[in-house]
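Student: I'm passing along upload_39.pdb; it holds PDB, C-alpha atoms.
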ATOM      1  CA  VAL T 152     -18.484 -14.069  47.285  1.00  0.00           C
ATOM      2  CA  TYR T 153     -17.684 -14.646  43.579  1.00  0.00           C
ATOM      3  CA  LEU T 154     -14.198 -16.123  44.026  1.00  0.00           C
ATOM      4  CA  ASP T 155     -15.204 -19.387  42.338  1.00  0.00           C
ATOM      5  CA  LYS T 156     -15.998 -17.491  39.109  1.00  0.00           C
ATOM      6  CA  GLU T 157     -12.327 -16.455  38.721  1.00  0.00           C
ATOM      7  CA  ILE T 158     -13.246 -13.024  37.374  1.00  0.00           C
ATOM      8  CA  GLU T 159     -10.452 -10.860  36.034  1.00  0.00           C
ATOM      9  CA  SER T 160     -11.030  -7.368  37.397  1.00  0.00           C
ATOM     10  CA  ARG T 161      -9.379  -4.113  36.433  1.00  0.00           C
ATOM     11  CA  VAL T 162      -9.716  -0.847  38.335  1.00  0.00           C
ATOM     12  CA  VAL T 163      -8.560   2.462  36.850  1.00  0.00           C
ATOM     13  CA  VAL T 164      -8.811   5.530  39.105  1.00  0.00           C
ATOM     14  CA  GLU T 165      -7.726   8.997  38.078  1.00  0.00           C
ATOM     15  CA  PRO T 166      -5.373  10.442  40.728  1.00  0.00           C
ATOM     16  CA  GLY T 167      -6.576  13.262  42.967  1.00  0.00           C
ATOM     17  CA  LEU T 168     -10.289  12.468  42.972  1.00  0.00           C
ATOM     18  CA  GLU T 169     -12.553  13.451  45.836  1.00  0.00           C
ATOM     19  CA  PHE T 170     -16.188  12.699  46.540  1.00  0.00           C
ATOM     20  CA  HIS T 171     -18.140  15.571  48.072  1.00  0.00           C
ATOM     21  CA  GLY T 172     -20.935  13.700  49.794  1.00  0.00           C
ATOM     22  CA  ASN T 173     -21.840  11.024  52.288  1.00  0.00           C
ATOM     23  CA  GLU T 174     -19.386   8.113  52.430  1.00  0.00           C
ATOM     24  CA  GLY T 175     -22.284   5.689  52.964  1.00  0.00           C
ATOM     25  CA  ASP T 176     -23.913   6.880  49.739  1.00  0.00           C
ATOM     26  CA  LEU T 177     -20.733   6.243  47.784  1.00  0.00           C
ATOM     27  CA  MET T 178     -20.344   2.778  49.352  1.00  0.00           C
ATOM     28  CA  GLU T 179     -23.968   1.970  48.447  1.00  0.00           C
ATOM     29  CA  LEU T 180     -23.351   3.017  44.827  1.00  0.00           C
ATOM     30  CA  PHE T 181     -20.173   0.977  44.499  1.00  0.00           C
ATOM     31  CA  GLY T 182     -21.519  -1.988  46.437  1.00  0.00           C
ATOM     32  CA  ASN T 183     -24.571  -2.396  44.237  1.00  0.00           C
ATOM     33  CA  VAL T 184     -23.073  -1.833  40.808  1.00  0.00           C
ATOM     34  CA  ILE T 185     -19.904  -3.841  41.462  1.00  0.00           C
ATOM     35  CA  ASP T 186     -21.887  -6.705  43.018  1.00  0.00           C
ATOM     36  CA  ASN T 187     -24.091  -6.796  39.911  1.00  0.00           C
ATOM     37  CA  ALA T 188     -21.037  -6.773  37.639  1.00  0.00           C
ATOM     38  CA  PHE T 189     -19.503  -9.752  39.446  1.00  0.00           C
ATOM     39  CA  LYS T 190     -22.836 -11.560  39.606  1.00  0.00           C
ATOM     40  CA  TRP T 191     -23.526 -11.296  35.876  1.00  0.00           C
ATOM     41  CA  SER T 192     -20.033 -11.290  34.360  1.00  0.00           C
ATOM     42  CA  HIS T 193     -18.573 -14.327  32.648  1.00  0.00           C
ATOM     43  CA  HIS T 194     -14.847 -13.572  32.939  1.00  0.00           C
ATOM     44  CA  GLN T 195     -14.090  -9.905  33.461  1.00  0.00           C
ATOM     45  CA  ILE T 196     -15.170  -6.577  34.882  1.00  0.00           C
ATOM     46  CA  GLU T 197     -13.654  -3.129  34.738  1.00  0.00           C
ATOM     47  CA  VAL T 198     -14.191  -0.159  37.055  1.00  0.00           C
ATOM     48  CA  ARG T 199     -13.178   3.295  35.807  1.00  0.00           C
ATOM     49  CA  ILE T 200     -13.348   6.405  37.958  1.00  0.00           C
ATOM     50  CA  GLY T 201     -12.439   9.841  36.676  1.00  0.00           C
ATOM     51  CA  ARG T 202     -13.830  13.276  35.989  1.00  0.00           C
ATOM     52  CA  ALA T 203     -15.257  14.961  32.960  1.00  0.00           C
ATOM     53  CA  ALA T 204     -16.322  18.479  32.005  1.00  0.00           C
ATOM     54  CA  GLY T 205     -19.556  19.428  30.274  1.00  0.00           C
ATOM     55  CA  VAL T 206     -21.394  16.147  30.860  1.00  0.00           C
ATOM     56  CA  LEU T 207     -23.841  17.581  33.409  1.00  0.00           C
ATOM     57  CA  PRO T 208     -25.696  20.904  33.444  1.00  0.00           C
ATOM     58  CA  GLN T 209     -23.804  21.736  36.655  1.00  0.00           C
ATOM     59  CA  GLY T 210     -20.483  21.465  34.791  1.00  0.00           C
ATOM     60  CA  ARG T 211     -17.805  19.017  35.885  1.00  0.00           C
ATOM     61  CA  ALA T 212     -18.671  15.527  37.055  1.00  0.00           C
ATOM     62  CA  LEU T 213     -17.191  12.592  38.897  1.00  0.00           C
ATOM     63  CA  VAL T 214     -17.610   9.702  36.453  1.00  0.00           C
ATOM     64  CA  ILE T 215     -17.963   6.142  37.728  1.00  0.00           C
ATOM     65  CA  GLU T 216     -18.170   3.375  35.132  1.00  0.00           C
ATOM     66  CA  VAL T 217     -18.629  -0.301  35.934  1.00  0.00           C
ATOM     67  CA  LEU T 218     -18.376  -2.600  32.934  1.00  0.00           C
ATOM     68  CA  ASP T 219     -18.801  -6.355  32.605  1.00  0.00           C
ATOM     69  CA  ASP T 220     -18.790  -9.070  29.950  1.00  0.00           C
ATOM     70  CA  GLY T 221     -22.058 -10.713  30.995  1.00  0.00           C
ATOM     71  CA  PRO T 222     -25.375 -10.870  29.136  1.00  0.00           C
ATOM     72  CA  GLY T 223     -26.035  -7.139  29.524  1.00  0.00           C
ATOM     73  CA  ILE T 224     -29.375  -5.376  29.881  1.00  0.00           C
ATOM     74  CA  GLU T 225     -31.445  -4.716  26.796  1.00  0.00           C
ATOM     75  CA  PRO T 226     -32.387  -1.012  26.401  1.00  0.00           C
ATOM     76  CA  GLU T 227     -36.111  -1.749  26.713  1.00  0.00           C
ATOM     77  CA  LYS T 228     -35.492  -3.488  30.077  1.00  0.00           C
ATOM     78  CA  VAL T 229     -33.493  -0.690  31.746  1.00  0.00           C
ATOM     79  CA  ALA T 230     -36.626   0.970  33.186  1.00  0.00           C
ATOM     80  CA  THR T 231     -37.583  -2.360  34.776  1.00  0.00           C
ATOM     81  CA  VAL T 232     -34.265  -2.868  36.597  1.00  0.00           C
ATOM     82  CA  LEU T 233     -34.353   0.710  37.894  1.00  0.00           C
ATOM     83  CA  LYS T 234     -37.702   0.135  39.659  1.00  0.00           C
ATOM     84  CA  ARG T 235     -37.859  -1.212  43.203  1.00  0.00           C
ATOM     85  CA  GLY T 236     -38.299  -4.959  42.930  1.00  0.00           C
ATOM     86  CA  GLY T 237     -37.585  -4.858  39.198  1.00  0.00           C
ATOM     87  CA  ARG T 238     -35.730  -8.027  38.238  1.00  0.00           C
ATOM     88  CA  LEU T 239     -35.039  -9.671  34.931  1.00  0.00           C
ATOM     89  CA  ASP T 240     -34.069 -13.114  36.251  1.00  0.00           C
ATOM     90  CA  THR T 241     -35.826 -14.449  39.330  1.00  0.00           C
ATOM     91  CA  GLN T 242     -33.633 -17.587  39.278  1.00  0.00           C
ATOM     92  CA  VAL T 243     -30.627 -15.565  40.482  1.00  0.00           C
ATOM     93  CA  SER T 244     -30.363 -14.389  44.089  1.00  0.00           C
ATOM     94  CA  GLY T 245     -31.342 -10.810  44.815  1.00  0.00           C
ATOM     95  CA  HIS T 246     -34.301  -8.618  45.638  1.00  0.00           C
ATOM     96  CA  GLY T 247     -34.321  -6.149  42.760  1.00  0.00           C
ATOM     97  CA  LEU T 248     -33.506  -3.198  45.017  1.00  0.00           C
ATOM     98  CA  GLY T 249     -29.867  -2.448  44.201  1.00  0.00           C
ATOM     99  CA  LEU T 250     -30.172  -0.406  41.023  1.00  0.00           C
ATOM    100  CA  ALA T 251     -33.268   1.375  42.355  1.00  0.00           C
ATOM    101  CA  LEU T 252     -31.184   2.488  45.359  1.00  0.00           C
ATOM    102  CA  VAL T 253     -28.387   3.582  43.032  1.00  0.00           C
ATOM    103  CA  ARG T 254     -30.924   5.582  40.978  1.00  0.00           C
ATOM    104  CA  ASP T 255     -32.297   7.243  44.126  1.00  0.00           C
ATOM    105  CA  ILE T 256     -28.823   8.239  45.376  1.00  0.00           C
ATOM    106  CA  VAL T 257     -27.795   9.597  41.971  1.00  0.00           C
ATOM    107  CA  GLU T 258     -31.007  11.652  41.802  1.00  0.00           C
ATOM    108  CA  LEU T 259     -30.398  12.945  45.347  1.00  0.00           C
ATOM    109  CA  TYR T 260     -27.035  14.337  44.200  1.00  0.00           C
ATOM    110  CA  LYS T 261     -28.620  15.722  40.991  1.00  0.00           C
ATOM    111  CA  GLY T 262     -26.466  13.402  38.922  1.00  0.00           C
ATOM    112  CA  HIS T 263     -27.175  11.108  36.012  1.00  0.00           C
ATOM    113  CA  LEU T 264     -27.326   7.306  35.666  1.00  0.00           C
ATOM    114  CA  GLU T 265     -26.954   5.427  32.376  1.00  0.00           C
ATOM    115  CA  ILE T 266     -27.104   1.715  31.667  1.00  0.00           C
ATOM    116  CA  ASN T 267     -25.851   0.731  28.233  1.00  0.00           C
ATOM    117  CA  ARG T 268     -23.881  -1.990  26.471  1.00  0.00           C
ATOM    118  CA  SER T 269     -20.341  -2.257  27.814  1.00  0.00           C
ATOM    119  CA  PRO T 270     -17.303  -2.344  25.515  1.00  0.00           C
ATOM    120  CA  LEU T 271     -16.681  -5.718  27.217  1.00  0.00           C
ATOM    121  CA  GLY T 272     -20.010  -6.957  25.823  1.00  0.00           C
ATOM    122  CA  GLY T 273     -22.204  -6.936  28.946  1.00  0.00           C
ATOM    123  CA  ALA T 274     -23.739  -4.153  31.005  1.00  0.00           C
ATOM    124  CA  GLY T 275     -22.119  -0.758  31.265  1.00  0.00           C
ATOM    125  CA  VAL T 276     -23.271   1.338  34.214  1.00  0.00           C
ATOM    126  CA  ARG T 277     -22.209   4.981  34.110  1.00  0.00           C
ATOM    127  CA  ILE T 278     -22.820   7.276  37.069  1.00  0.00           C
ATOM    128  CA  LEU T 279     -22.219  11.019  36.798  1.00  0.00           C
ATOM    129  CA  LEU T 280     -22.116  13.026  40.028  1.00  0.00           C
ATOM    130  CA  PRO T 281     -21.615  16.802  40.132  1.00  0.00           C
ATOM    131  CA  TRP T 282     -18.037  17.796  40.914  1.00  0.00           C
ATOM    132  CA  SER T 283     -17.752  21.005  42.864  1.00  0.00           C
TER     133      SER T 283
END
Kindly return the structure encoded in the file as structure tokens.
Tutor:
Amino acid sequence: VYLDKEIESRVVVEPGLEFHGNEGDLMELFGNVIDNAFKWSHHQIEVRIGRAAGVLPQGRALVIEVLDDGPGIEPEKVATVLKRGGRLDTQVSGHGLGLALVRDIVELYKGHLEINRSPLGGAGVRILLPWS
């Protein structure tokens, strides 16, 4: 879909990871956050998947980070993009449902969702899911 943008993408996955949940949920998470990264990035995105200890009350977590070099999302606008229909730019295709669905899935798994500034300069989406 975004081939004409010639985005440089990097994927780093820690070996031996497993997801203990519904495959469709994981595909929905990845589909939405990676689509947004490609949509808004200028030249590059990075996907990092690993695990971390002590970042959730439940203990260990599967950590999914999707980073881009686009315009980013200002902290005061994060609540807007996490609402159903919440969009910051109505000139770009979309319905404003993607990040709300991601939020719902993360909450279902009792995880945590963060949207911050990426080290690449754009949006940094970090999803923490309990690791059993």
Student: With distances taken over all atoms listed in the file, which of T:Leu250, T:Ala203, T:Leu180, T:Leu279 is nearest to Gly262 of chain T?
Tutor: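 Smallest separation from Gly262 of chain T among the options: T:Leu279.
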Student: To test your reading of the syntax: which residues would the PyMOL selection byres ((chain T and resi 278) around 9) return for the file shown? Reply as a PyMOL selection string.
Tutor: chain T and resi 180+213-217+253+257+262-266+276-277+279-280
Student: Could you work out how far atom CA of Phe170 of chain T lies from atom CA of Leu233 of chain T, giving the answer in Å with one decimal?
Tutor: 23.4 Å
Student: Tell me, as a short mmCIF file (atom, residue, chain, number, x, y, z; two decimals) with C-alpha atoms, in the frame of the given file, which residues lie within 8 Å of Leu218 of chain T, counting all atoms listed in the file; anything in the same chain fewer than 4 positions away does not count.
Tutor:
data_model
loop_
_atom_site.label_atom_id
_atom_site.label_comp_id
_atom_site.auth_asym_id
_atom_site.auth_seq_id
_atom_site.Cartn_x
_atom_site.Cartn_y
_atom_site.Cartn_z
CA ALA T 188 -21.04 -6.77 37.64
CA ILE T 196 -15.17 -6.58 34.88
CA GLU T 197 -13.65 -3.13 34.74
CA VAL T 198 -14.19 -0.16 37.06
CA SER T 269 -20.34 -2.26 27.81
CA PRO T 270 -17.30 -2.34 25.52
CA LEU T 271 -16.68 -5.72 27.22
CA GLY T 273 -22.20 -6.94 28.95
CA ALA T 274 -23.74 -4.15 31.00
CA GLY T 275 -22.12 -0.76 31.26
CA VAL T 276 -23.27 1.34 34.21
#
Student: One number please: atom CA of Ile256 of chain T to atom CA of Asp176 of chain T, in Å, one decimal.
Tutor: 6.7 Å
Student: Would you mind reading off the distance between atom CA of Glu169 of chain T and atom CA of Glu258 of chain T, one decimal, in Å?
Tutor: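 These two atoms are separated by 19.0 Å.
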Student: Let me have the centre and edge lengths in Å, one decimal, of the box along x, y and z around every listed atom of segment 209-217 of chain T with 4 Å of margin on each side, as lines of an AutoDock Vina configuration file.
Tutor:
center_x = -20.5
center_y = 10.7
center_z = 36.8
size_x = 14.6
size_y = 30.0
size_z = 12.1
Student: Ranking T:Gly182, T:Lys234, T:Gly221, T:Val206 by minimum distance to Arg254 of chain T and counting only C-alpha atoms, which one comes first?
Tutor: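 Smallest separation from Arg254 of chain T among the options: T:Lys234.
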Student: Within 7 Å of (-10.1, -11.8, 33.4), in the coordinates the file gives, what residues turn up when you count all atoms listed in the file, written out as a PyMOL selection string?
Tutor: chain T and resi 158-160+194-195
Student: So, with only C-alpha atoms as the atoms that count, which of T:Gly272, T:Pro166, T:Gly249, T:Pro281 lies closest to Phe181 of chain T?
Tutor: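 Ranking T:Gly272, T:Pro166, T:Gly249, T:Pro281 by distance to Phe181 of chain T, first place goes to T:Gly249.
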Student: Could you name the residues that touch His193 of chain T at 9 Å or less, counting all atoms listed in the file, but leaving out those on the same chain fewer than 6 positions away, as an MDAnalysis selection string?
Tutor: chainID T and resid 156:158 219:222
Student: So, with all atoms listed in the file as the atoms that count, which of T:Gly223, T:Asn183, T:Leu207, T:Ala212 lies closest to Leu168 of chain T?
Tutor: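 Closest to Leu168 of chain T of all the choices is T:Ala212.
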